[in-house]
Amino acid sequence: MTPPITIGVLSLQGSVEEHLLSLSRCEGVTPRAVKTVRALQQADGLILPGGESTAIVRLLRAFGLFEPLRERIQAGMPVWGTCAGTILLAKDLIDEPPHLGVMDITVRRNAYGRQTDSFTVSDTIPAVSPDPLPLVFIRAPWIEKAGPDVQVLHTCRGHITAAREGRLLATTFHPELTGQSAFHRYFAAVVRESVN
Ligand code: GLN
């Protein structure tokens, strides 16, 4: 049997419990809430949840986690950003300075405007699952541009909504709110590969 991997969920603000629950349904994964440097160092991979990116960044700095997180990502820790998490990962944000600036994507916040700022679609993402998955967008960003080493996993309404660059995964929607763990299993495979 392969030893369990620990996947952390940054637990400062946003949809933390939902991610922990989704991870608990993945075989061989120990979910762990992360809000200290020590917990960060013990995680094999980390999820940056959705929420409010500006609030999460402020708390990352207040808890002394911003630099240690960036250093671990630069050292190769797998990270999956959902929604606000995607905003944190991006090297470029339209009209504002970037935050962690580690993934070669350009992101537009609150991209869908007021009329359709939240919606759900069902679509198949072959890299992740052969079955259609519900994709929940909540005041979501979109990925306006992706660098040459970024693999586009999904587009919706003409914009990139899921992408991977090596050990970094970004989804502008919220798989943790759907009761399905296909994306969590996909990320767990990325993490498992990185520890082997
Ligand atoms: N609109 C939020 C932001 O800009 C992201 C929304 C979300 O994570 N659901 O940070």
# chains A, B, ... in the order shown; residues from 1 in each chain; ligands from 1

$ residues_near_ligand --ligand "ligand 1" --cutoff "6 Å" --atoms "only C-alpha atoms and all ligand atoms" --output "PyMOL selection string"
chain A and resi 50-53+83-84+109-110+138-140

$ write_last_selection --atoms "N, CA, C and O atoms" --output "mmCIF file, in the first residue's frame"
data_model
loop_
_atom_site.group_PDB
_atom_site.id
_atom_site.type_symbol
_atom_site.label_atom_id
_atom_site.label_comp_id
_atom_site.auth_asym_id
_atom_site.auth_seq_id
_atom_site.Cartn_x
_atom_site.Cartn_y
_atom_site.Cartn_z
ATOM 1 N N GLY A 50 -11.508 29.165 -2.549
ATOM 2 C CA GLY A 50 -12.203 30.363 -2.994
ATOM 3 C C GLY A 50 -12.613 31.206 -1.799
ATOM 4 O O GLY A 50 -12.633 30.725 -0.665
ATOM 5 N N GLY A 51 -12.911 32.439 -2.046
ATOM 6 C CA GLY A 51 -13.275 33.382 -0.990
ATOM 7 C C GLY A 51 -13.086 34.762 -1.568
ATOM 8 O O GLY A 51 -13.455 35.018 -2.708
ATOM 9 N N GLU A 52 -12.430 35.615 -0.814
ATOM 10 C CA GLU A 52 -12.143 36.956 -1.308
ATOM 11 C C GLU A 52 -10.622 37.099 -1.344
ATOM 12 O O GLU A 52 -9.977 37.113 -0.297
ATOM 13 N N SER A 53 -10.065 37.202 -2.548
ATOM 14 C CA SER A 53 -8.610 37.148 -2.675
ATOM 15 C C SER A 53 -7.920 38.236 -1.868
ATOM 16 O O SER A 53 -6.881 37.994 -1.242
ATOM 17 N N CYS A 83 -10.828 29.428 -7.701
ATOM 18 C CA CYS A 83 -11.440 30.755 -7.758
ATOM 19 C C CYS A 83 -10.507 31.827 -7.184
ATOM 20 O O CYS A 83 -9.520 32.168 -7.829
ATOM 21 N N ALA A 84 -10.739 32.337 -5.993
ATOM 22 C CA ALA A 84 -9.806 33.326 -5.428
ATOM 23 C C ALA A 84 -8.385 32.768 -5.388
ATOM 24 O O ALA A 84 -7.408 33.517 -5.571
ATOM 25 N N ARG A 109 -10.272 39.466 -12.564
ATOM 26 C CA ARG A 109 -11.199 39.232 -11.430
ATOM 27 C C ARG A 109 -12.623 39.623 -11.798
ATOM 28 O O ARG A 109 -12.833 40.492 -12.634
ATOM 29 N N ASN A 110 -13.571 39.009 -11.110
ATOM 30 C CA ASN A 110 -14.994 39.336 -11.268
ATOM 31 C C ASN A 110 -15.347 39.526 -12.749
ATOM 32 O O ASN A 110 -15.993 40.491 -13.135
ATOM 33 N N ILE A 138 -18.762 31.434 -8.945
ATOM 34 C CA ILE A 138 -19.301 32.430 -8.003
ATOM 35 C C ILE A 138 -18.430 33.684 -8.066
ATOM 36 O O ILE A 138 -17.265 33.659 -7.633
ATOM 37 N N ARG A 139 -18.981 34.751 -8.624
ATOM 38 C CA ARG A 139 -18.190 35.978 -8.829
ATOM 39 C C ARG A 139 -16.771 35.619 -9.283
ATOM 40 O O ARG A 139 -15.767 36.100 -8.757
ATOM 41 N N ALA A 140 -16.760 34.785 -10.308
ATOM 42 C CA ALA A 140 -15.510 34.122 -10.690
ATOM 43 C C ALA A 140 -14.621 35.018 -11.549
ATOM 44 O O ALA A 140 -15.113 35.882 -12.274
#

$ residues_around --residues "segment 3-7 of chain A" --least-positions-apart "2" --cutoff "12 Å" --atoms "only C-alpha atoms" --output "count of residues only"
44

$ closest_residue --among "A:Ser129, A:Thr161, A:Gln180, A:Gln13" --to "Thr106 of chain A" --atoms "only C-alpha atoms"
A:Thr161

$ residues_around --residues "Thr86 of chain A" --least-positions-apart "3" --cutoff "8 Å" --atoms "only C-alpha atoms" --output "list in words"
Leu48, Trp80, Gly81, Thr82, Cys83, Leu89, Ala90, Val107, Ala170, Thr171 and Thr172 of chain A

$ closest_residue --among "A:Leu135, A:Leu93, A:Leu12, A:Leu177" --to "Ala162 of chain A" --atoms "only C-alpha atoms"
A:Leu135

$ closest_residue --among "A:Gly113, A:Pro97, A:Pro175, A:Gly14" --to "Pro141 of chain A" --atoms "only C-alpha atoms"
A:Gly113

$ closest_residue --among "A:Ile160, A:Pro134, A:Leu60, A:Tyr112" --to "Thr178 of chain A" --atoms "only C-alpha atoms"
A:Pro134

$ closest_atom_pairs --of "segment 54-88 of chain A" --to "segment 102-105 of chain A" --cutoff "8 Å" --atoms "only C-alpha atoms" --output "CSV"
residue,atom,partner,partner_atom,distance
A:Arg70,CA,A:Val102,CA,7.8
A:Ile73,CA,A:Val102,CA,7.6
A:Gln74,CA,A:Val102,CA,7.6

$ write_last_selection --atoms "C-alpha atoms" --output "compact mmCIF listing (two decimals), in the first residue's frame"
# COMPACT_ATOMS: atom_id res chain seq x y z
CA ARG A 70 5.78 31.36 -1.98
CA ILE A 73 5.75 26.71 -4.20
CA GLN A 74 9.05 27.77 -5.76

$ select_by_dssp --residues "segment 104-164 of chain A" --states "strand (DSSP E)" --output "ChimeraX atom specification"
/A:104-108,118-123,133-138,142-146,151-156,159-164

$ write_last_selection --atoms "N, CA and C atoms" --output "CSV table (one decimal), in the first residue's frame"
chain,number,residue,atom,x,y,z
A,104,ASP,N,2.0,31.0,-14.7
A,104,ASP,CA,2.1,31.8,-15.9
A,104,ASP,C,0.7,32.1,-16.6
A,105,ILE,N,-0.1,32.7,-15.8
A,105,ILE,CA,-1.5,33.0,-16.4
A,105,ILE,C,-1.8,34.5,-16.0
A,106,THR,N,-2.6,35.1,-16.9
A,106,THR,CA,-3.2,36.4,-16.7
A,106,THR,C,-4.6,36.3,-16.3
A,107,VAL,N,-5.0,36.8,-15.2
A,107,VAL,CA,-6.4,36.6,-14.7
A,107,VAL,C,-7.1,37.9,-14.5
A,108,ARG,N,-8.4,37.9,-14.9
A,108,ARG,CA,-9.3,39.0,-14.7
A,108,ARG,C,-10.3,38.6,-13.6
A,118,SER,N,-22.8,34.7,-11.0
A,118,SER,CA,-22.8,33.4,-10.5
A,118,SER,C,-23.7,32.4,-11.3
A,119,PHE,N,-23.1,31.3,-11.7
A,119,PHE,CA,-23.9,30.4,-12.5
A,119,PHE,C,-23.2,29.0,-12.5
A,120,THR,N,-24.0,28.0,-12.9
A,120,THR,CA,-23.5,26.6,-12.9
A,120,THR,C,-23.6,26.0,-14.3
A,121,VAL,N,-22.6,25.4,-14.8
A,121,VAL,CA,-22.8,24.6,-16.1
A,121,VAL,C,-22.3,23.2,-15.8
A,122,SER,N,-22.7,22.3,-16.7
A,122,SER,CA,-22.2,20.9,-16.6
A,122,SER,C,-21.4,20.6,-17.9
A,123,ASP,N,-20.2,20.1,-17.6
A,123,ASP,CA,-19.3,19.9,-18.8
A,123,ASP,C,-18.3,18.7,-18.5
A,133,LEU,N,-19.2,17.0,-15.2
A,133,LEU,CA,-19.1,17.5,-13.8
A,133,LEU,C,-19.9,18.8,-13.7
A,134,PRO,N,-20.5,19.1,-12.6
A,134,PRO,CA,-21.1,20.4,-12.4
A,134,PRO,C,-20.0,21.4,-12.1
A,135,LEU,N,-20.0,22.5,-12.8
A,135,LEU,CA,-19.0,23.6,-12.5
A,135,LEU,C,-19.7,24.8,-12.0
A,136,VAL,N,-19.3,25.2,-10.8
A,136,VAL,CA,-20.0,26.3,-10.1
A,136,VAL,C,-19.2,27.5,-10.1
A,137,PHE,N,-19.6,28.6,-10.7
A,137,PHE,CA,-18.9,29.8,-10.8
A,137,PHE,C,-19.6,30.8,-9.8
A,138,ILE,N,-18.8,31.4,-8.9
A,138,ILE,CA,-19.3,32.4,-8.0
A,138,ILE,C,-18.4,33.7,-8.1
A,142,TRP,N,-11.8,34.9,-14.8
A,142,TRP,CA,-11.4,33.9,-15.8
A,142,TRP,C,-9.9,34.1,-16.2
A,143,ILE,N,-9.4,33.1,-16.8
A,143,ILE,CA,-8.0,33.2,-17.2
A,143,ILE,C,-7.9,33.8,-18.6
A,144,GLU,N,-7.4,35.0,-18.7
A,144,GLU,CA,-7.5,35.7,-20.0
A,144,GLU,C,-6.4,35.2,-20.9
A,145,LYS,N,-5.2,34.8,-20.4
A,145,LYS,CA,-4.1,34.4,-21.2
A,145,LYS,C,-3.3,33.4,-20.4
A,146,ALA,N,-2.7,32.4,-21.1
A,146,ALA,CA,-1.9,31.4,-20.5
A,146,ALA,C,-0.6,31.3,-21.2
A,151,GLN,N,-1.1,24.0,-19.6
A,151,GLN,CA,-2.0,23.1,-20.3
A,151,GLN,C,-3.4,23.6,-19.9
A,152,VAL,N,-4.2,23.9,-21.0
A,152,VAL,CA,-5.6,24.3,-20.8
A,152,VAL,C,-6.4,23.1,-20.6
A,153,LEU,N,-7.1,23.0,-19.4
A,153,LEU,CA,-7.9,21.8,-19.2
A,153,LEU,C,-9.4,22.0,-19.5
A,154,HIS,N,-9.8,23.3,-19.5
A,154,HIS,CA,-11.2,23.5,-19.8
A,154,HIS,C,-11.4,25.0,-20.2
A,155,THR,N,-12.3,25.2,-21.1
A,155,THR,CA,-12.8,26.6,-21.4
A,155,THR,C,-14.3,26.6,-21.3
A,156,CYS,N,-14.8,27.8,-21.0
A,156,CYS,CA,-16.2,28.0,-20.9
A,156,CYS,C,-16.5,29.4,-21.4
A,159,HIS,N,-13.5,31.4,-22.6
A,159,HIS,CA,-12.4,31.8,-21.7
A,159,HIS,C,-11.9,30.5,-20.9
A,160,ILE,N,-10.6,30.6,-20.6
A,160,ILE,CA,-10.0,29.4,-19.9
A,160,ILE,C,-10.5,29.4,-18.4
A,161,THR,N,-11.0,28.3,-18.0
A,161,THR,CA,-11.5,28.2,-16.6
A,161,THR,C,-10.8,27.1,-15.8
A,162,ALA,N,-10.0,26.3,-16.4
A,162,ALA,CA,-9.1,25.3,-15.7
A,162,ALA,C,-7.8,25.1,-16.4
A,163,ALA,N,-6.7,25.2,-15.7
A,163,ALA,CA,-5.4,25.1,-16.3
A,163,ALA,C,-4.4,24.4,-15.4
A,164,ARG,N,-3.4,23.9,-16.0
A,164,ARG,CA,-2.3,23.3,-15.2
A,164,ARG,C,-1.0,23.7,-15.7

$ atom_distance --atom1 "atom CA of Asp131 of chain A" --atom2 "atom CA of Glu18 of chain A"
21.2 Å

$ select_by_dssp --residues "chain A" --states "alpha helix (DSSP H)" --output "PyMOL selection string"
chain A and resi 16-24+37-42+53-62+66-74+84-89+182-195

$ write_last_selection --atoms "C-alpha atoms" --output "PDB file, in the first residue's frame"
ATOM      1  CA  VAL A  16     -12.331  25.554   3.682  1.00  0.00           C
ATOM      2  CA  GLU A  17     -14.660  22.935   5.222  1.00  0.00           C
ATOM      3  CA  GLU A  18     -16.015  21.920   1.825  1.00  0.00           C
ATOM      4  CA  HIS A  19     -12.509  21.226   0.534  1.00  0.00           C
ATOM      5  CA  LEU A  20     -11.591  19.232   3.663  1.00  0.00           C
ATOM      6  CA  LEU A  21     -14.743  17.141   3.234  1.00  0.00           C
ATOM      7  CA  SER A  22     -14.057  16.519  -0.462  1.00  0.00           C
ATOM      8  CA  LEU A  23     -10.473  15.472   0.370  1.00  0.00           C
ATOM      9  CA  SER A  24     -11.727  13.098   3.065  1.00  0.00           C
ATOM     10  CA  VAL A  37       3.955  27.808   8.995  1.00  0.00           C
ATOM     11  CA  ARG A  38       4.428  24.462  10.743  1.00  0.00           C
ATOM     12  CA  ALA A  39       1.270  22.988   9.181  1.00  0.00           C
ATOM     13  CA  LEU A  40       2.336  24.414   5.823  1.00  0.00           C
ATOM     14  CA  GLN A  41       5.741  22.702   6.061  1.00  0.00           C
ATOM     15  CA  GLN A  42       4.075  19.369   6.867  1.00  0.00           C
ATOM     16  CA  SER A  53      -8.610  37.148  -2.675  1.00  0.00           C
ATOM     17  CA  THR A  54      -7.846  40.532  -1.114  1.00  0.00           C
ATOM     18  CA  ALA A  55      -8.902  39.256   2.340  1.00  0.00           C
ATOM     19  CA  ILE A  56      -6.938  36.012   1.951  1.00  0.00           C
ATOM     20  CA  VAL A  57      -3.776  37.905   0.983  1.00  0.00           C
ATOM     21  CA  ARG A  58      -4.128  40.252   3.933  1.00  0.00           C
ATOM     22  CA  LEU A  59      -4.472  37.266   6.283  1.00  0.00           C
ATOM     23  CA  LEU A  60      -1.572  35.402   4.639  1.00  0.00           C
ATOM     24  CA  ARG A  61       0.649  38.348   5.478  1.00  0.00           C
ATOM     25  CA  ALA A  62      -0.799  38.795   8.982  1.00  0.00           C
ATOM     26  CA  PHE A  66       2.944  34.710   2.547  1.00  0.00           C
ATOM     27  CA  GLU A  67       6.709  34.277   2.040  1.00  0.00           C
ATOM     28  CA  PRO A  68       6.933  30.692   3.385  1.00  0.00           C
ATOM     29  CA  LEU A  69       4.113  29.741   1.003  1.00  0.00           C
ATOM     30  CA  ARG A  70       5.784  31.358  -1.977  1.00  0.00           C
ATOM     31  CA  GLU A  71       9.069  29.671  -1.085  1.00  0.00           C
ATOM     32  CA  ARG A  72       7.460  26.236  -0.843  1.00  0.00           C
ATOM     33  CA  ILE A  73       5.750  26.714  -4.203  1.00  0.00           C
ATOM     34  CA  GLN A  74       9.049  27.765  -5.758  1.00  0.00           C
ATOM     35  CA  ALA A  84      -9.806  33.326  -5.428  1.00  0.00           C
ATOM     36  CA  GLY A  85      -6.926  30.818  -5.181  1.00  0.00           C
ATOM     37  CA  THR A  86      -6.395  31.167  -8.940  1.00  0.00           C
ATOM     38  CA  ILE A  87      -6.148  34.935  -8.453  1.00  0.00           C
ATOM     39  CA  LEU A  88      -3.458  34.400  -5.801  1.00  0.00           C
ATOM     40  CA  LEU A  89      -1.384  32.127  -8.066  1.00  0.00           C
ATOM     41  CA  ALA A 182     -13.077  14.032  -9.171  1.00  0.00           C
ATOM     42  CA  PHE A 183     -10.980  17.215  -9.119  1.00  0.00           C
ATOM     43  CA  HIS A 184      -9.678  16.445  -5.643  1.00  0.00           C
ATOM     44  CA  ARG A 185      -8.594  13.002  -6.838  1.00  0.00           C
ATOM     45  CA  TYR A 186      -6.922  14.595  -9.873  1.00  0.00           C
ATOM     46  CA  PHE A 187      -4.973  16.961  -7.602  1.00  0.00           C
ATOM     47  CA  ALA A 188      -4.134  14.102  -5.212  1.00  0.00           C
ATOM     48  CA  ALA A 189      -2.518  12.289  -8.171  1.00  0.00           C
ATOM     49  CA  VAL A 190      -0.395  15.386  -8.902  1.00  0.00           C
ATOM     50  CA  VAL A 191       0.694  15.489  -5.250  1.00  0.00           C
ATOM     51  CA  ARG A 192       1.398  11.746  -5.126  1.00  0.00           C
ATOM     52  CA  GLU A 193       3.597  11.993  -8.209  1.00  0.00           C
ATOM     53  CA  SER A 194       5.570  14.832  -6.587  1.00  0.00           C
ATOM     54  CA  VAL A 195       6.390  12.866  -3.415  1.00  0.00           C
TER      55      VAL A 195
END

$ atom_distance --atom1 "atom CA of Arg157 of chain A" --atom2 "atom CA of Asp95 of chain A"
21.9 Å

$ atom_distance --atom1 "atom CA of Glu165 of chain A" --atom2 "atom CA of Asp149 of chain A"
6.2 Å

$ closest_residue --among "A:Asp117, A:Ser15, A:Pro126, A:Val150" --to "Arg167 of chain A" --atoms "only C-alpha atoms"
A:Val150

$ closest_residue --among "A:Gly179, A:Pro148, A:Pro98, A:Lys35" --to "Leu65 of chain A" --atoms "only C-alpha atoms"
A:Lys35
